[in-house]
file target_29.txt (compact mmCIF, C-alpha atoms and all ligand atoms)
# COMPACT_ATOMS: atom_id res chain seq x y z
CA MET H 1 22.67 3.19 14.65
CA THR H 2 24.35 -0.09 15.54
CA GLN H 3 27.84 -0.26 14.14
CA THR H 4 29.72 -3.56 14.51
CA THR H 5 32.90 -5.11 13.22
CA GLN H 6 31.06 -8.36 12.71
CA GLU H 7 29.05 -8.78 9.52
CA THR H 8 25.32 -9.41 9.96
CA SER H 9 23.73 -12.60 8.62
CA PHE H 10 20.48 -10.79 8.01
CA TRP H 11 19.87 -9.88 4.35
CA HIS H 12 17.89 -6.61 4.48
CA CYS H 13 15.13 -5.80 1.98
CA GLN H 14 15.96 -3.42 -0.89
CA ALA H 15 19.36 -2.84 0.71
CA HIS H 16 22.89 -2.34 -0.57
CA MET H 17 24.40 -4.95 1.74
CA PRO H 18 28.04 -3.75 1.53
CA THR H 19 26.75 -0.49 3.08
CA VAL H 20 24.33 -2.07 5.52
CA LYS H 21 26.14 -5.17 6.72
CA ARG H 22 27.99 -3.35 9.50
CA ARG H 23 25.64 -0.38 9.94
CA GLN H 24 22.15 -1.48 10.87
CA VAL H 25 19.50 0.69 12.49
CA VAL H 26 17.91 -1.59 15.04
CA PHE H 27 14.61 -0.51 16.56
CA ASP H 28 13.69 -1.99 19.86
CA ARG H 29 10.50 -0.34 21.05
CA GLY H 30 7.65 1.80 19.79
CA GLU H 31 4.91 3.92 21.28
CA GLY H 32 2.52 6.10 19.30
CA CYS H 33 4.48 7.96 16.63
CA TYR H 34 7.83 7.25 18.28
CA LEU H 35 10.48 4.53 18.06
CA TRP H 36 13.51 3.84 20.22
CA ASP H 37 16.67 2.18 18.94
CA THR H 38 18.78 -0.27 20.91
CA ASP H 39 20.89 2.61 22.25
CA GLY H 40 17.76 4.27 23.68
CA ASN H 41 17.60 7.11 21.13
CA ARG H 42 14.08 8.29 20.29
CA TYR H 43 12.84 8.98 16.76
CA LEU H 44 9.60 10.21 15.22
CA ASP H 45 8.41 7.65 12.64
CA VAL H 46 7.89 9.99 9.66
CA PRO H 47 6.98 7.27 7.07
CA ALA H 48 5.00 5.13 9.61
CA SER H 49 7.41 2.31 8.77
CA LEU H 50 6.41 1.30 5.23
CA TRP H 51 3.22 3.46 5.21
CA TYR H 52 1.47 1.11 7.61
CA ALA H 53 1.77 2.07 11.31
CA ASN H 54 -1.49 3.98 11.03
CA VAL H 55 -2.83 3.65 14.60
CA GLY H 56 0.71 4.07 15.94
CA HIS H 57 3.03 1.68 17.73
CA GLY H 58 2.57 -0.14 21.03
CA ARG H 59 -1.21 -0.51 21.18
CA ALA H 60 -1.79 -2.80 24.13
CA GLU H 61 -5.36 -3.59 23.13
CA ILE H 62 -4.20 -5.17 19.86
CA ALA H 63 -1.54 -7.14 21.74
CA ASP H 64 -4.14 -8.38 24.23
CA ALA H 65 -6.61 -9.40 21.53
CA VAL H 66 -3.88 -11.24 19.62
CA ALA H 67 -2.63 -13.05 22.74
CA ALA H 68 -6.17 -14.15 23.63
CA GLN H 69 -6.77 -15.51 20.13
CA ILE H 70 -3.47 -17.43 20.09
CA ARG H 71 -4.43 -19.06 23.38
CA LYS H 72 -7.82 -19.99 21.97
CA LEU H 73 -6.88 -21.03 18.42
CA GLU H 74 -3.86 -19.56 16.65
CA SER H 75 -5.37 -20.20 13.26
CA TYR H 76 -6.75 -22.78 10.92
CA SER H 77 -6.63 -22.98 7.17
CA SER H 78 -9.43 -21.60 5.03
CA PHE H 79 -8.98 -24.22 2.32
CA GLY H 80 -12.18 -25.93 1.22
CA SER H 81 -14.99 -25.52 3.73
CA TYR H 82 -12.74 -24.85 6.73
CA THR H 83 -12.23 -21.44 8.29
CA THR H 84 -12.35 -19.69 11.68
CA THR H 85 -14.67 -17.29 13.50
CA PRO H 86 -12.47 -14.14 13.29
CA THR H 87 -11.79 -14.81 9.60
CA LEU H 88 -15.49 -14.97 8.77
CA ALA H 89 -16.28 -11.93 10.87
CA LEU H 90 -13.52 -9.90 9.20
CA ALA H 91 -14.76 -10.82 5.71
CA GLU H 92 -18.24 -9.57 6.65
CA ARG H 93 -16.81 -6.40 8.19
CA LEU H 94 -14.72 -5.64 5.10
CA ALA H 95 -17.61 -6.40 2.76
CA ASP H 96 -19.60 -3.72 4.63
CA LEU H 97 -16.69 -1.23 4.66
CA VAL H 98 -15.49 -1.33 1.04
CA PRO H 99 -17.21 0.86 -1.54
CA ILE H 100 -18.34 -2.14 -3.64
CA ASP H 101 -21.90 -3.29 -3.00
CA GLY H 102 -22.14 -7.03 -2.40
CA ALA H 103 -18.36 -7.53 -2.45
CA LYS H 104 -16.84 -10.95 -1.79
CA ILE H 105 -13.61 -10.89 0.19
CA PHE H 106 -10.53 -13.02 -0.59
CA LEU H 107 -7.98 -12.78 2.23
CA THR H 108 -4.20 -12.91 1.77
CA SER H 109 -1.03 -12.46 3.84
CA GLY H 110 -0.04 -9.06 2.43
CA GLY H 111 -0.12 -6.66 -0.48
CA SER H 112 1.98 -8.58 -3.02
CA ASP H 113 -0.16 -11.66 -2.37
CA GLY H 114 -3.23 -9.52 -2.99
CA ILE H 115 -1.84 -8.31 -6.32
CA ASP H 116 -1.15 -11.92 -7.36
CA VAL H 117 -4.68 -12.91 -6.39
CA ALA H 118 -6.22 -9.97 -8.25
CA ALA H 119 -4.18 -10.56 -11.40
CA LYS H 120 -4.89 -14.30 -11.43
CA LEU H 121 -8.56 -13.73 -10.72
CA ALA H 122 -8.79 -11.19 -13.56
CA ARG H 123 -7.36 -13.74 -16.01
CA ARG H 124 -9.45 -16.55 -14.59
CA TYR H 125 -12.63 -14.47 -14.76
CA TRP H 126 -12.22 -13.79 -18.46
CA SER H 127 -11.53 -17.44 -19.23
CA ALA H 128 -14.58 -18.41 -17.15
CA VAL H 129 -16.84 -16.13 -19.20
CA GLY H 130 -15.51 -17.48 -22.50
CA ARG H 131 -12.86 -14.88 -23.35
CA PRO H 132 -9.61 -16.74 -22.63
CA ASP H 133 -7.60 -14.40 -24.86
CA LYS H 134 -7.99 -11.61 -22.32
CA LYS H 135 -4.78 -12.22 -20.35
CA ALA H 136 -2.71 -9.02 -20.48
CA VAL H 137 -2.34 -6.89 -17.37
CA VAL H 138 -1.65 -3.18 -17.81
CA SER H 139 -0.19 -0.82 -15.22
CA ARG H 140 1.58 2.54 -15.19
CA ASP H 141 5.05 4.00 -15.24
CA LEU H 142 6.11 4.69 -11.61
CA ALA H 143 3.58 2.14 -10.30
CA TYR H 144 4.54 -0.14 -7.41
CA HIS H 145 2.43 -3.22 -6.76
CA GLY H 146 4.74 -5.26 -4.54
CA LEU H 147 7.43 -7.71 -5.59
CA HIS H 148 5.85 -11.12 -6.07
CA ALA H 149 6.06 -12.31 -9.65
CA PHE H 150 3.03 -10.32 -10.84
CA GLY H 151 4.06 -7.21 -8.91
CA THR H 152 7.60 -7.43 -10.29
CA SER H 153 6.21 -7.76 -13.81
CA ILE H 154 3.76 -4.88 -13.61
CA THR H 155 5.77 -2.35 -11.63
CA GLY H 156 6.59 0.81 -13.50
CA LEU H 157 9.83 1.08 -11.53
CA GLU H 158 12.25 -0.61 -13.94
CA PHE H 159 15.04 -0.97 -11.33
CA ASN H 160 12.97 -3.66 -9.60
CA ARG H 161 13.34 -5.86 -12.69
CA GLU H 162 17.10 -5.44 -13.02
CA GLY H 163 18.61 -8.75 -14.10
CA LEU H 164 15.19 -10.43 -14.09
CA GLY H 165 13.30 -9.26 -17.13
CA ARG H 166 9.52 -9.51 -17.04
CA LEU H 167 8.69 -12.67 -15.10
CA ILE H 168 5.13 -12.88 -16.36
CA PRO H 169 4.38 -12.51 -20.06
CA GLU H 170 1.57 -10.28 -21.30
CA THR H 171 2.14 -7.44 -18.88
CA MET H 172 2.77 -3.85 -19.98
CA THR H 173 2.94 -0.31 -18.65
CA VAL H 174 1.59 2.98 -19.99
CA PRO H 175 2.76 6.53 -19.19
CA THR H 176 1.43 7.87 -15.90
CA HIS H 177 -1.64 10.13 -16.19
CA ASP H 178 -1.78 9.77 -19.99
CA THR H 179 -5.35 8.79 -20.83
CA ALA H 180 -4.72 9.19 -24.58
CA ALA H 181 -2.00 6.51 -24.43
CA LEU H 182 -4.29 4.23 -22.44
CA ALA H 183 -7.15 4.77 -24.90
CA ALA H 184 -4.84 3.99 -27.83
CA LEU H 185 -3.59 0.81 -26.15
CA PHE H 186 -7.12 -0.36 -25.32
CA GLU H 187 -8.23 0.46 -28.88
CA ALA H 188 -5.43 -1.64 -30.37
CA GLU H 189 -5.18 -4.49 -27.86
CA GLY H 190 -8.37 -4.37 -25.75
CA SER H 191 -9.50 -7.81 -26.88
CA ARG H 192 -6.52 -9.36 -25.12
CA ILE H 193 -6.34 -7.09 -22.04
CA ALA H 194 -7.73 -8.54 -18.79
CA ALA H 195 -7.16 -5.73 -16.32
CA PHE H 196 -5.73 -2.31 -15.58
CA PHE H 197 -4.08 -1.89 -12.17
CA CYS H 198 -3.52 1.47 -10.53
CA GLU H 199 -2.74 3.10 -7.22
CA PRO H 200 -5.12 6.04 -6.69
CA VAL H 201 -2.15 8.01 -5.34
CA LEU H 202 1.17 6.65 -6.64
CA GLY H 203 3.07 5.77 -3.47
CA THR H 204 6.58 4.36 -3.83
CA GLY H 205 6.75 6.08 -7.24
CA GLY H 206 7.00 9.39 -5.36
CA VAL H 207 3.66 10.26 -3.66
CA ILE H 208 1.92 11.48 -6.81
CA PRO H 209 -1.79 12.33 -6.48
CA PRO H 210 -3.99 11.70 -9.54
CA ALA H 211 -4.34 14.43 -12.16
CA PRO H 212 -7.86 15.96 -12.01
CA GLY H 213 -10.37 13.66 -13.74
CA TYR H 214 -7.73 11.04 -14.53
CA LEU H 215 -9.15 8.16 -12.48
CA ALA H 216 -12.72 8.71 -13.72
CA GLU H 217 -11.52 8.67 -17.32
CA VAL H 218 -9.49 5.50 -16.72
CA GLN H 219 -12.57 3.86 -15.28
CA ARG H 220 -14.64 4.94 -18.30
CA LEU H 221 -12.04 3.51 -20.69
CA CYS H 222 -11.92 0.23 -18.76
CA ARG H 223 -15.72 -0.11 -18.99
CA ALA H 224 -15.75 0.79 -22.68
CA HIS H 225 -13.13 -1.85 -23.52
CA ASP H 226 -14.19 -4.64 -21.16
CA VAL H 227 -11.06 -4.31 -19.07
CA LEU H 228 -11.31 -4.99 -15.31
CA PHE H 229 -10.46 -1.92 -13.23
CA VAL H 230 -8.29 -2.90 -10.26
CA VAL H 231 -7.56 -0.29 -7.60
CA ASP H 232 -4.49 -0.97 -5.46
CA GLU H 233 -5.37 0.51 -2.05
CA VAL H 234 -2.49 -1.18 -0.22
CA ILE H 235 -1.27 2.26 0.93
CA THR H 236 -4.43 4.34 0.62
CA GLY H 237 -6.89 1.88 2.20
CA PHE H 238 -8.17 2.31 5.77
CA GLY H 239 -7.94 6.06 6.09
CA ARG H 240 -4.61 7.27 4.70
CA THR H 241 -6.35 9.70 2.30
CA GLY H 242 -8.78 11.06 4.89
CA ALA H 243 -11.51 8.74 3.57
CA MET H 244 -11.79 5.07 4.52
CA PHE H 245 -10.88 4.21 0.91
CA ALA H 246 -9.52 6.39 -1.90
CA THR H 247 -12.01 4.54 -4.09
CA GLY H 248 -14.79 6.33 -2.19
CA LEU H 249 -12.91 9.64 -2.11
CA PHE H 250 -12.61 9.70 -5.91
CA GLY H 251 -16.07 8.19 -6.53
CA LEU H 252 -14.75 5.06 -8.27
CA GLU H 253 -16.50 1.75 -8.88
CA PRO H 254 -13.68 -0.74 -9.37
CA ASP H 255 -14.05 -4.44 -10.13
CA LEU H 256 -11.40 -5.34 -7.56
CA ILE H 257 -9.77 -3.51 -4.65
CA VAL H 258 -6.48 -4.75 -3.17
CA MET H 259 -5.76 -3.91 0.48
CA ALA H 260 -3.06 -4.67 3.09
CA LYS H 261 -0.88 -2.54 5.44
CA GLY H 262 -3.51 -0.36 7.22
CA ILE H 263 -5.84 -3.35 7.57
CA THR H 264 -3.87 -4.28 10.72
CA SER H 265 -1.63 -1.17 10.93
CA GLY H 266 1.15 -3.74 10.58
CA TYR H 267 0.50 -5.52 13.89
CA LEU H 268 0.33 -8.77 11.92
CA PRO H 269 0.70 -9.49 8.20
CA LEU H 270 -2.62 -9.55 6.34
CA GLY H 271 -4.11 -8.47 3.05
CA ALA H 272 -7.44 -8.67 1.25
CA VAL H 273 -8.99 -8.42 -2.18
CA ALA H 274 -12.56 -7.12 -2.47
CA VAL H 275 -14.23 -8.66 -5.49
CA SER H 276 -17.27 -7.14 -7.20
CA PRO H 277 -20.36 -9.34 -7.70
CA ARG H 278 -19.77 -9.36 -11.46
CA VAL H 279 -16.30 -10.93 -11.11
CA ALA H 280 -17.37 -13.28 -8.33
CA ALA H 281 -20.51 -14.47 -10.14
CA PRO H 282 -18.98 -17.22 -12.33
CA PHE H 283 -17.50 -18.84 -9.19
CA TRP H 284 -20.41 -18.25 -6.77
CA ALA H 285 -23.51 -19.09 -8.86
CA ASP H 286 -25.32 -22.11 -7.35
CA ASP H 287 -24.99 -24.13 -10.56
CA SER H 288 -21.35 -23.20 -11.29
CA PRO H 289 -18.86 -26.05 -11.69
CA LEU H 290 -15.91 -23.64 -11.31
CA LEU H 291 -13.54 -22.98 -8.47
CA PHE H 292 -10.81 -20.37 -8.27
CA ARG H 293 -7.59 -22.37 -7.78
CA GLN H 294 -5.93 -19.94 -5.42
CA GLY H 295 -4.98 -20.39 -1.78
CA LEU H 296 -2.29 -19.31 0.67
CA THR H 297 -1.55 -21.14 3.88
CA TYR H 298 -1.94 -17.98 5.93
CA ALA H 299 -4.83 -16.46 3.94
CA GLY H 300 -7.21 -15.08 6.53
CA HIS H 301 -5.00 -16.21 9.42
CA ALA H 302 -7.28 -16.12 12.47
CA THR H 303 -4.92 -14.15 14.72
CA ALA H 304 -4.09 -11.66 11.97
CA CYS H 305 -7.84 -11.16 11.50
CA VAL H 306 -8.19 -10.48 15.23
CA ALA H 307 -5.45 -7.85 14.92
CA ALA H 308 -7.39 -6.33 12.02
CA HIS H 309 -10.59 -6.19 14.08
CA ALA H 310 -8.82 -4.51 17.00
CA ASN H 311 -7.12 -2.08 14.62
CA LEU H 312 -10.41 -1.18 12.91
CA ASP H 313 -12.07 -0.75 16.33
CA ILE H 314 -9.39 1.83 17.20
CA LEU H 315 -9.75 3.61 13.84
CA GLU H 316 -13.50 3.89 14.35
CA ARG H 317 -13.54 4.67 18.09
CA GLU H 318 -10.88 7.39 17.86
CA GLY H 319 -12.28 8.92 14.66
CA LEU H 320 -8.86 8.61 13.06
CA VAL H 321 -10.04 8.80 9.45
CA ASP H 322 -11.62 12.23 9.99
CA ARG H 323 -8.52 13.21 11.90
CA VAL H 324 -6.40 12.33 8.85
CA ALA H 325 -8.58 14.58 6.66
CA SER H 326 -7.90 17.53 8.95
CA LEU H 327 -4.21 16.69 9.56
CA GLY H 328 -3.80 16.30 5.80
CA ARG H 329 -4.84 19.92 5.28
CA HIS H 330 -2.36 20.99 7.95
CA LEU H 331 0.41 18.90 6.34
CA ALA H 332 -0.26 20.33 2.87
CA ALA H 333 -0.07 23.90 4.22
CA ALA H 334 3.05 23.12 6.26
CA VAL H 335 5.07 21.58 3.40
CA ALA H 336 4.05 24.15 0.75
CA PRO H 337 6.80 26.71 1.63
CA LEU H 338 9.48 24.03 1.10
CA ALA H 339 8.83 24.49 -2.65
CA ASP H 340 10.76 27.78 -2.45
CA HIS H 341 13.96 26.06 -1.30
CA PRO H 342 16.59 25.98 -4.07
CA LEU H 343 17.26 22.25 -3.48
CA VAL H 344 13.57 21.30 -3.72
CA THR H 345 12.22 20.51 -7.19
CA ASP H 346 8.64 19.59 -6.29
CA VAL H 347 6.30 19.37 -3.29
CA ARG H 348 3.37 16.98 -3.61
CA ALA H 349 0.63 16.89 -0.98
CA GLY H 350 -3.08 17.50 -0.60
CA VAL H 351 -4.51 13.98 -0.41
CA GLY H 352 -4.71 12.97 3.24
CA LEU H 353 -1.68 12.35 5.40
CA LEU H 354 0.68 11.92 2.47
CA ALA H 355 3.38 14.20 1.13
CA GLY H 356 6.42 13.85 -1.11
CA ILE H 357 9.24 16.37 -1.10
CA GLN H 358 11.31 15.91 -4.24
CA VAL H 359 14.84 17.29 -4.07
CA ARG H 360 17.55 17.90 -6.66
CA ASP H 361 19.09 14.44 -6.68
CA ALA H 362 19.48 11.21 -4.75
CA GLU H 363 22.64 12.43 -3.03
CA VAL H 364 20.83 15.46 -1.58
CA ALA H 365 17.89 13.27 -0.56
CA ASP H 366 20.16 10.79 1.25
CA LYS H 367 22.05 13.59 3.02
CA VAL H 368 18.80 15.27 4.15
CA ALA H 369 17.45 11.93 5.38
CA ARG H 370 20.65 11.27 7.34
CA LEU H 371 20.63 14.73 8.94
CA CYS H 372 16.96 14.34 9.90
CA PHE H 373 17.73 10.92 11.37
CA ASP H 374 20.55 12.40 13.46
CA ARG H 375 17.97 14.90 14.79
CA GLY H 376 15.50 12.20 15.77
CA TYR H 377 13.34 11.77 12.66
CA VAL H 378 13.22 8.47 10.77
CA MET H 379 13.04 9.41 7.08
CA ARG H 380 12.62 7.35 3.93
CA VAL H 381 13.78 8.28 0.45
CA ILE H 382 11.64 6.92 -2.38
CA THR H 383 11.72 7.17 -6.17
CA ASN H 384 13.07 10.31 -7.84
CA ALA H 385 14.87 11.65 -4.77
CA THR H 386 11.60 12.10 -2.89
CA LEU H 387 11.30 12.29 0.90
CA GLN H 388 8.24 10.36 2.04
CA ILE H 389 6.02 11.95 4.71
CA SER H 390 3.24 9.62 5.90
CA PRO H 391 3.22 9.58 9.71
CA PRO H 392 0.85 7.61 11.94
CA PHE H 393 -2.68 9.01 12.14
CA THR H 394 -2.13 9.95 15.78
CA VAL H 395 0.56 12.51 14.95
CA GLU H 396 -0.04 16.00 16.36
CA GLU H 397 0.02 19.19 14.31
CA HIS H 398 3.10 20.46 16.19
CA GLU H 399 4.88 17.20 15.34
CA ILE H 400 4.08 17.71 11.64
CA ASP H 401 5.54 21.22 11.98
CA GLY H 402 8.62 19.65 13.60
CA ILE H 403 9.07 17.28 10.63
CA VAL H 404 8.87 20.15 8.14
CA THR H 405 11.20 22.43 10.14
CA THR H 406 13.74 19.64 10.47
CA ILE H 407 13.65 18.94 6.72
CA ALA H 408 14.06 22.67 6.03
CA GLU H 409 17.03 22.90 8.41
CA ALA H 410 18.59 19.80 6.89
CA LEU H 411 18.20 21.29 3.41
CA ASP H 412 19.89 24.50 4.59
CA ALA H 413 22.68 22.51 6.19
C1 LIG L 501 0.68 0.16 -3.64
C2 LIG L 501 1.31 -1.11 -3.12
N1 LIG L 501 0.88 -2.28 -3.58
C3 LIG L 501 1.39 -3.44 -3.13
C4 LIG L 501 2.41 -3.45 -2.20
C5 LIG L 501 2.99 -4.75 -1.72
O1 LIG L 501 2.61 -5.01 -0.42
P1 LIG L 501 3.50 -6.02 0.51
O2 LIG L 501 4.83 -5.36 0.68
O3 LIG L 501 2.67 -6.15 1.75
O4 LIG L 501 3.60 -7.30 -0.21
C6 LIG L 501 2.89 -2.25 -1.70
C7 LIG L 501 3.97 -2.21 -0.68
O5 LIG L 501 4.51 -1.19 -0.36
C8 LIG L 501 2.34 -1.03 -2.17
O6 LIG L 501 2.79 0.16 -1.76

call {"tool": "encode", "arguments": {"input": "target_29.txt", "output": "structure tokens"}}
result
Amino acid sequence: MTQTTQETSFWHCQAHMPTVKRRQVVFDRGEGCYLWDTDGNRYLDVPASLWYANVGHGRAEIADAVAAQIRKLESYSSFGSYTTTPTLALAERLADLVPIDGAKIFLTSGGSDGIDVAAKLARRYWSAVGRPDKKAVVSRDLAYHGLHAFGTSITGLEFNREGLGRLIPETMTVPTHDTAALAALFEAEGSRIAAFFCEPVLGTGGVIPPAPGYLAEVQRLCRAHDVLFVVDEVITGFGRTGAMFATGLFGLEPDLIVMAKGITSGYLPLGAVAVSPRVAAPFWADDSPLLFRQGLTYAGHATACVAAHANLDILEREGLVDRVASLGRHLAAAVAPLADHPLVTDVRAGVGLLAGIQVRDAEVADKVARLCFDRGYVMRVITNATLQISPPFTVEEHEIDGIVTTIAEALDA
């Protein structure tokens, strides 16, 4: 913890600046699951930063690949017919990896960009096939889809809209896991609904796995009402659930999949949207006059794509996705006894290397997080006083046990 008398100029994300402006936690170095602050203190990275440090910190092979690409060609735009070799290769690799046959890949600079692309493409698709009234985008209470304008409009976390209102009209949320409410909405408004967005496991909303059968029923309703089914795999993609994609784990066939974070394990910013052949068709048919008017300067940035390749090589070579499946079982068993603690109101785990420990209130959660931090564990508190556990895929079982023991001791304290 760096404490100074001088106020920082850096405006932190999602931060209460009067609290943070003289008390910043400044990390300086990382290796595997561990981080060191500027005073040399070591911490275990329990949330893997923002759910993304999947292959762990300090991977020299990613650094080397990135440095080599920058020397060769840092990047070039992918506007019009231009692009670069690593960008093309990554699109092919992702098209093979995602559980959508014949997917086309639109690259972005991160998750919120991906959500914007998916939402715009959903609207544009329906106008292209002669149904321009289908504009509304539906999401769920507790959903988090990033904080660009679309993400801010469709989040089910109202506090992210404080003082803003809904930036984009024709967006709405339904209660989480309530298929009857979704069916009723589609019945009444289906002719003007373009897409339904959902995280397979709600992340920032509190690590909430899907109710049994929920996702399959949502998919059925989307098909029945001509609503595009968009799966936000920004957290779950690239192994977090113990499968390469949660879409595959739950047997889904979405129209669009949004990815980011684990695509590079955070070594460089990158995101992607996998587009099903049906949605791509109006823009890819040989005789089509249409183009999708979307483009980001850093979409498919060559060096970021190289980082993604090196990251995916590590995931594959070290068998990290299978490792997550087995570590996930260990994590679920390890956190289960915390449910008996009087300050714990819910323990959610069981899908990969993800767990949420919900405690009595935000004050308890903050105190527990601070005590854990003092004992060398970086913790993050998310919605509804929930402690987020989502360590790098290289974590060891004894380190998971250490996280749980430290939380238990902090709760007792
Ligand atoms: C499910 C989900 N979607 C989208 C986003 C936004 O991604 P980014 O912060 O890279 O813009 C996040 C970020 O945490 C996320 O968890």

call {"tool": "residues_near_ligand", "arguments": {"input": "target_29.txt", "ligand": "ligand LIG 501 (chain L)", "cutoff": "10 Å", "atoms": "all atoms listed in the file", "output": "ChimeraX atom specification"}}
result
/H:50-52,108-116,143-148,151,155,197-205,231-237,258-261,266,269-271

call {"tool": "closest_residue", "arguments": {"input": "target_29.txt", "among": "H:Ala136, H:Leu312, H:Ala224, H:Ala118", "to": "Ile263 (chain H)", "atoms": "only C-alpha atoms"}}
result
H:Leu312

call {"tool": "closest_residue", "arguments": {"input": "target_29.txt", "among": "H:Leu221, H:Ile400, H:Met172, H:Cys33", "to": "Ala184 (chain H)", "atoms": "all atoms listed in the file"}}
result
H:Leu221

call {"tool": "residues_near_point", "arguments": {"input": "target_29.txt", "point": "(-5.0, -19.2, 16.6)", "cutoff": "6 Å", "atoms": "all atoms listed in the file", "output": "list in words"}}
result
Gln69, Ile70, Leu73, Glu74, Ser75, Ala302 and Thr303 of chain H

call {"tool": "closest_residue", "arguments": {"input": "target_29.txt", "among": "H:Val138, H:Leu256, H:Val364, H:Ala355", "to": "Leu182 (chain H)", "atoms": "all atoms listed in the file"}}
result
H:Val138

call {"tool": "residues_around", "arguments": {"input": "target_29.txt", "residues": "region 78-91 of chain H", "least_positions_apart": "3", "cutoff": "12 Å", "atoms": "all atoms listed in the file", "output": "PyMOL selection string"}}
result
chain H and resi 65-66+69-70+72-75+94-98+102-108+263-264+270-275+291-313

call {"tool": "closest_residue", "arguments": {"input": "target_29.txt", "among": "H:Ser153, H:Ala181, H:Tyr267, H:Phe229", "to": "Asp64 (chain H)", "atoms": "only C-alpha atoms"}}
result
H:Tyr267

call {"tool": "residues_around", "arguments": {"input": "target_29.txt", "residues": "Leu228 (chain H)", "least_positions_apart": "3", "cutoff": "9 Å", "atoms": "all atoms listed in the file", "output": "number ranges by chain"}}
result
H: 122, 193-197, 219, 222-223, 225, 254-256, 279

call {"tool": "write_last_selection", "arguments": {"input": "target_29.txt", "atoms": "C-alpha atoms", "output": "PDB file, in the frame of the given file"}}
result
ATOM      1  CA  ALA H 122      -8.790 -11.190 -13.560  1.00  0.00           C
ATOM      2  CA  ILE H 193      -6.340  -7.090 -22.040  1.00  0.00           C
ATOM      3  CA  ALA H 194      -7.730  -8.540 -18.790  1.00  0.00           C
ATOM      4  CA  ALA H 195      -7.160  -5.730 -16.320  1.00  0.00           C
ATOM      5  CA  PHE H 196      -5.730  -2.310 -15.580  1.00  0.00           C
ATOM      6  CA  PHE H 197      -4.080  -1.890 -12.170  1.00  0.00           C
ATOM      7  CA  GLN H 219     -12.570   3.860 -15.280  1.00  0.00           C
ATOM      8  CA  CYS H 222     -11.920   0.230 -18.760  1.00  0.00           C
ATOM      9  CA  ARG H 223     -15.720  -0.110 -18.990  1.00  0.00           C
ATOM     10  CA  HIS H 225     -13.130  -1.850 -23.520  1.00  0.00           C
ATOM     11  CA  PRO H 254     -13.680  -0.740  -9.370  1.00  0.00           C
ATOM     12  CA  ASP H 255     -14.050  -4.440 -10.130  1.00  0.00           C
ATOM     13  CA  LEU H 256     -11.400  -5.340  -7.560  1.00  0.00           C
ATOM     14  CA  VAL H 279     -16.300 -10.930 -11.110  1.00  0.00           C
TER      15      VAL H 279
END

call {"tool": "closest_residue", "arguments": {"input": "target_29.txt", "among": "H:Lys21, H:Arg380, H:Arg375, H:Lys135", "to": "Gln358 (chain H)", "atoms": "only C-alpha atoms"}}
result
H:Arg380

call {"tool": "atom_distance", "arguments": {"input": "target_29.txt", "atom1": "CA of Asp101 (chain H)", "atom2": "CA of Ala280 (chain H)"}}
result
12.2 Å

call {"tool": "decode", "arguments": {"input": "target_29.txt", "residues": "region 99-130 of chain H", "atoms": "C-alpha atoms", "output": "PDB file, in the first residue's frame"}}
result
ATOM      1  CA  PRO H  99     -18.311 -23.794 -30.925  1.00  0.00           C
ATOM      2  CA  ILE H 100     -19.985 -22.167 -33.963  1.00  0.00           C
ATOM      3  CA  ASP H 101     -19.413 -23.969 -37.262  1.00  0.00           C
ATOM      4  CA  GLY H 102     -18.252 -21.641 -40.018  1.00  0.00           C
ATOM      5  CA  ALA H 103     -17.961 -18.626 -37.694  1.00  0.00           C
ATOM      6  CA  LYS H 104     -16.663 -15.304 -38.977  1.00  0.00           C
ATOM      7  CA  ILE H 105     -14.502 -13.385 -36.521  1.00  0.00           C
ATOM      8  CA  PHE H 106     -14.722  -9.626 -35.881  1.00  0.00           C
ATOM      9  CA  LEU H 107     -11.809  -8.449 -33.733  1.00  0.00           C
ATOM     10  CA  THR H 108     -11.981  -5.638 -31.169  1.00  0.00           C
ATOM     11  CA  SER H 109      -9.803  -4.052 -28.471  1.00  0.00           C
ATOM     12  CA  GLY H 110     -11.655  -5.489 -25.476  1.00  0.00           C
ATOM     13  CA  GLY H 111     -14.911  -6.740 -24.030  1.00  0.00           C
ATOM     14  CA  SER H 112     -16.966  -3.533 -24.057  1.00  0.00           C
ATOM     15  CA  ASP H 113     -15.985  -3.003 -27.691  1.00  0.00           C
ATOM     16  CA  GLY H 114     -17.144  -6.542 -28.404  1.00  0.00           C
ATOM     17  CA  ILE H 115     -20.515  -5.870 -26.782  1.00  0.00           C
ATOM     18  CA  ASP H 116     -20.922  -2.713 -28.892  1.00  0.00           C
ATOM     19  CA  VAL H 117     -20.052  -4.661 -32.028  1.00  0.00           C
ATOM     20  CA  ALA H 118     -22.462  -7.489 -31.171  1.00  0.00           C
ATOM     21  CA  ALA H 119     -25.331  -5.136 -30.346  1.00  0.00           C
ATOM     22  CA  LYS H 120     -24.810  -3.036 -33.476  1.00  0.00           C
ATOM     23  CA  LEU H 121     -24.454  -6.126 -35.630  1.00  0.00           C
ATOM     24  CA  ALA H 122     -27.671  -7.591 -34.194  1.00  0.00           C
ATOM     25  CA  ARG H 123     -29.585  -4.429 -35.127  1.00  0.00           C
ATOM     26  CA  ARG H 124     -27.883  -4.168 -38.488  1.00  0.00           C
ATOM     27  CA  TYR H 125     -28.593  -7.823 -39.288  1.00  0.00           C
ATOM     28  CA  TRP H 126     -32.322  -7.416 -38.758  1.00  0.00           C
ATOM     29  CA  SER H 127     -32.458  -4.273 -40.878  1.00  0.00           C
ATOM     30  CA  ALA H 128     -30.460  -6.076 -43.590  1.00  0.00           C
ATOM     31  CA  VAL H 129     -33.000  -8.918 -43.723  1.00  0.00           C
ATOM     32  CA  GLY H 130     -35.939  -6.513 -43.940  1.00  0.00           C
TER      33      GLY H 130
END
